[in-house]
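Visitor: Quick one: the structure is below, and I'll ask about it shortly.
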Amino acid sequence: MSVEATVFEPYPFKIGERILRRRQGKLEDWDVIAVNDKEITVKCPFHGMELTWKRSSFWYGGETAAPATNKD
């Protein structure tokens, strides 16, 4: 088992923020147009396409930490 784990936490998205999402080696440009506790809605600034994503944990900051030990 690894002695370090990557820390995931909710990113504090803000309406009007421009984000870049890396997928399959490419960066996708998105504008944040709506945010609530469960979802984030983004809009492509070039094509106008809108998507709503479940607001799960998004990695940011590159932080790692020691995982909790599993004592059965």
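Identifiers in the structure tokens: chain A, B, ... in order shown; residue index from 1 per chain; ligand index from 1 in order shown.
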In chain A, what's strand (DSSP E) per DSSP? Answer as a ChimeraX atom specification?
Guide: /A:5-6,18-23,26-35,39-43,50-54,64-65
Visitor: Hey, what's within 12 Å of segment 17-25 of chain A if we count only C-alpha atoms and toss same-chain stuff fewer than 5 positions away? As a PDB file with N, CA and C atoms, in the first residue's frame, please?
Guide:
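Heads up, here's the output in selection-v5.pdb:
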```pdb
ATOM      1  N   TYR A  11     -13.645  21.915  -5.644  1.00  0.00           N
ATOM      2  CA  TYR A  11     -13.065  23.173  -6.084  1.00  0.00           C
ATOM      3  C   TYR A  11     -14.126  24.264  -5.941  1.00  0.00           C
ATOM      4  N   PRO A  12     -13.774  25.426  -5.424  1.00  0.00           N
ATOM      5  CA  PRO A  12     -14.759  26.497  -5.215  1.00  0.00           C
ATOM      6  C   PRO A  12     -15.048  27.279  -6.502  1.00  0.00           C
ATOM      7  N   TRP A  30     -13.947  26.403 -20.978  1.00  0.00           N
ATOM      8  CA  TRP A  30     -15.330  26.506 -20.505  1.00  0.00           C
ATOM      9  C   TRP A  30     -15.493  27.738 -19.626  1.00  0.00           C
ATOM     10  N   ASP A  31     -16.664  28.361 -19.706  1.00  0.00           N
ATOM     11  CA  ASP A  31     -17.044  29.440 -18.796  1.00  0.00           C
ATOM     12  C   ASP A  31     -18.055  28.876 -17.811  1.00  0.00           C
ATOM     13  N   VAL A  32     -17.868  29.131 -16.526  1.00  0.00           N
ATOM     14  CA  VAL A  32     -18.808  28.679 -15.501  1.00  0.00           C
ATOM     15  C   VAL A  32     -20.001  29.632 -15.514  1.00  0.00           C
ATOM     16  N   ILE A  33     -21.213  29.080 -15.745  1.00  0.00           N
ATOM     17  CA  ILE A  33     -22.398  29.942 -15.809  1.00  0.00           C
ATOM     18  C   ILE A  33     -23.396  29.678 -14.682  1.00  0.00           C
ATOM     19  N   ALA A  34     -23.262  28.555 -13.980  1.00  0.00           N
ATOM     20  CA  ALA A  34     -24.138  28.266 -12.837  1.00  0.00           C
ATOM     21  C   ALA A  34     -23.453  27.255 -11.927  1.00  0.00           C
ATOM     22  N   VAL A  35     -23.659  27.435 -10.626  1.00  0.00           N
ATOM     23  CA  VAL A  35     -23.059  26.547  -9.627  1.00  0.00           C
ATOM     24  C   VAL A  35     -24.053  26.363  -8.494  1.00  0.00           C
ATOM     25  N   ILE A  40     -22.452  21.817 -11.597  1.00  0.00           N
ATOM     26  CA  ILE A  40     -21.833  22.996 -12.197  1.00  0.00           C
ATOM     27  C   ILE A  40     -22.254  23.009 -13.661  1.00  0.00           C
ATOM     28  N   THR A  41     -22.689  24.168 -14.153  1.00  0.00           N
ATOM     29  CA  THR A  41     -23.053  24.302 -15.555  1.00  0.00           C
ATOM     30  C   THR A  41     -22.014  25.188 -16.223  1.00  0.00           C
ATOM     31  N   VAL A  42     -21.510  24.703 -17.355  1.00  0.00           N
ATOM     32  CA  VAL A  42     -20.472  25.416 -18.087  1.00  0.00           C
ATOM     33  C   VAL A  42     -20.920  25.633 -19.524  1.00  0.00           C
ATOM     34  N   LYS A  43     -20.309  26.637 -20.161  1.00  0.00           N
ATOM     35  CA  LYS A  43     -20.647  26.956 -21.547  1.00  0.00           C
ATOM     36  C   LYS A  43     -19.359  27.140 -22.331  1.00  0.00           C
ATOM     37  N   CYS A  44     -19.303  26.539 -23.506  1.00  0.00           N
ATOM     38  CA  CYS A  44     -18.151  26.707 -24.381  1.00  0.00           C
ATOM     39  C   CYS A  44     -18.193  28.126 -24.954  1.00  0.00           C
ATOM     40  N   PRO A  45     -17.128  28.920 -24.776  1.00  0.00           N
ATOM     41  CA  PRO A  45     -17.140  30.299 -25.263  1.00  0.00           C
ATOM     42  C   PRO A  45     -17.050  30.406 -26.791  1.00  0.00           C
ATOM     43  N   PHE A  58     -12.903  17.514  -7.384  1.00  0.00           N
ATOM     44  CA  PHE A  58     -11.975  17.868  -8.439  1.00  0.00           C
ATOM     45  C   PHE A  58     -10.619  18.100  -7.807  1.00  0.00           C
ATOM     46  N   TRP A  59      -9.569  17.498  -8.360  1.00  0.00           N
ATOM     47  CA  TRP A  59      -8.229  17.651  -7.818  1.00  0.00           C
ATOM     48  C   TRP A  59      -7.731  19.048  -8.121  1.00  0.00           C
ATOM     49  N   TYR A  60      -7.102  19.634  -7.135  1.00  0.00           N
ATOM     50  CA  TYR A  60      -6.389  20.877  -7.397  1.00  0.00           C
ATOM     51  C   TYR A  60      -5.357  21.104  -6.317  1.00  0.00           C
TER      52      TYR A  60
END
```
Visitor: Take atom CA of Glu50 of chain A and atom CA of Phe8 of chain A and report the distance between them in Å, one decimal.
Guide: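 If I compute the distance from atom CA of Glu50 of chain A to atom CA of Phe8 of chain A, I get 25.3 Å.
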Visitor: Mind pulling up the distance from atom CA of Leu27 of chain A to atom CA of Glu4 of chain A?
Guide: 27.9 Å
Visitor: Could you please determine the separation between atom CA of Val7 of chain A and atom CA of Thr64 of chain A in Å, to one decimal place?
Guide: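 Separation of atom CA of Val7 of chain A and atom CA of Thr64 of chain A: 5.3 Å.
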Visitor: Find the residues around Arg55 of chain A up to 8 Å (only C-alpha atoms counted), leave out those fewer than 2 positions away in its own chain, and share them as a ChimeraX atom specification.
Guide: /A:10,37-40,53,57
Visitor: Take the residues from that selection and write them out as a PDB file, in the first residue's frame, keeping N, CA and C atoms.
Guide:
```pdb
ATOM      1  N   PRO A  10     -13.552  19.487  -3.110  1.00  0.00           N
ATOM      2  CA  PRO A  10     -14.369  20.293  -4.012  1.00  0.00           C
ATOM      3  C   PRO A  10     -13.656  21.597  -4.375  1.00  0.00           C
ATOM      4  N   ASP A  37     -24.802  23.253  -5.002  1.00  0.00           N
ATOM      5  CA  ASP A  37     -24.119  22.237  -4.193  1.00  0.00           C
ATOM      6  C   ASP A  37     -23.894  20.922  -4.927  1.00  0.00           C
ATOM      7  N   LYS A  38     -24.720  20.626  -5.941  1.00  0.00           N
ATOM      8  CA  LYS A  38     -24.643  19.325  -6.602  1.00  0.00           C
ATOM      9  C   LYS A  38     -24.113  19.370  -8.026  1.00  0.00           C
ATOM     10  N   GLU A  39     -24.241  20.520  -8.710  1.00  0.00           N
ATOM     11  CA  GLU A  39     -23.884  20.578 -10.124  1.00  0.00           C
ATOM     12  C   GLU A  39     -23.167  21.881 -10.476  1.00  0.00           C
ATOM     13  N   ILE A  40     -22.452  21.817 -11.597  1.00  0.00           N
ATOM     14  CA  ILE A  40     -21.833  22.996 -12.197  1.00  0.00           C
ATOM     15  C   ILE A  40     -22.254  23.009 -13.661  1.00  0.00           C
ATOM     16  N   TRP A  53     -22.359  19.306 -15.226  1.00  0.00           N
ATOM     17  CA  TRP A  53     -21.597  18.210 -14.633  1.00  0.00           C
ATOM     18  C   TRP A  53     -21.985  18.056 -13.182  1.00  0.00           C
ATOM     19  N   SER A  57     -15.694  15.580  -6.536  1.00  0.00           N
ATOM     20  CA  SER A  57     -14.399  16.126  -6.130  1.00  0.00           C
ATOM     21  C   SER A  57     -13.522  16.373  -7.347  1.00  0.00           C
TER      22      SER A  57
END
```
Visitor: Using only C-alpha atoms, which of A:Lys26, A:Ala65, A:Lys14, A:Asn36 sits nearest Thr52 of chain A?
Guide: A:Asn36
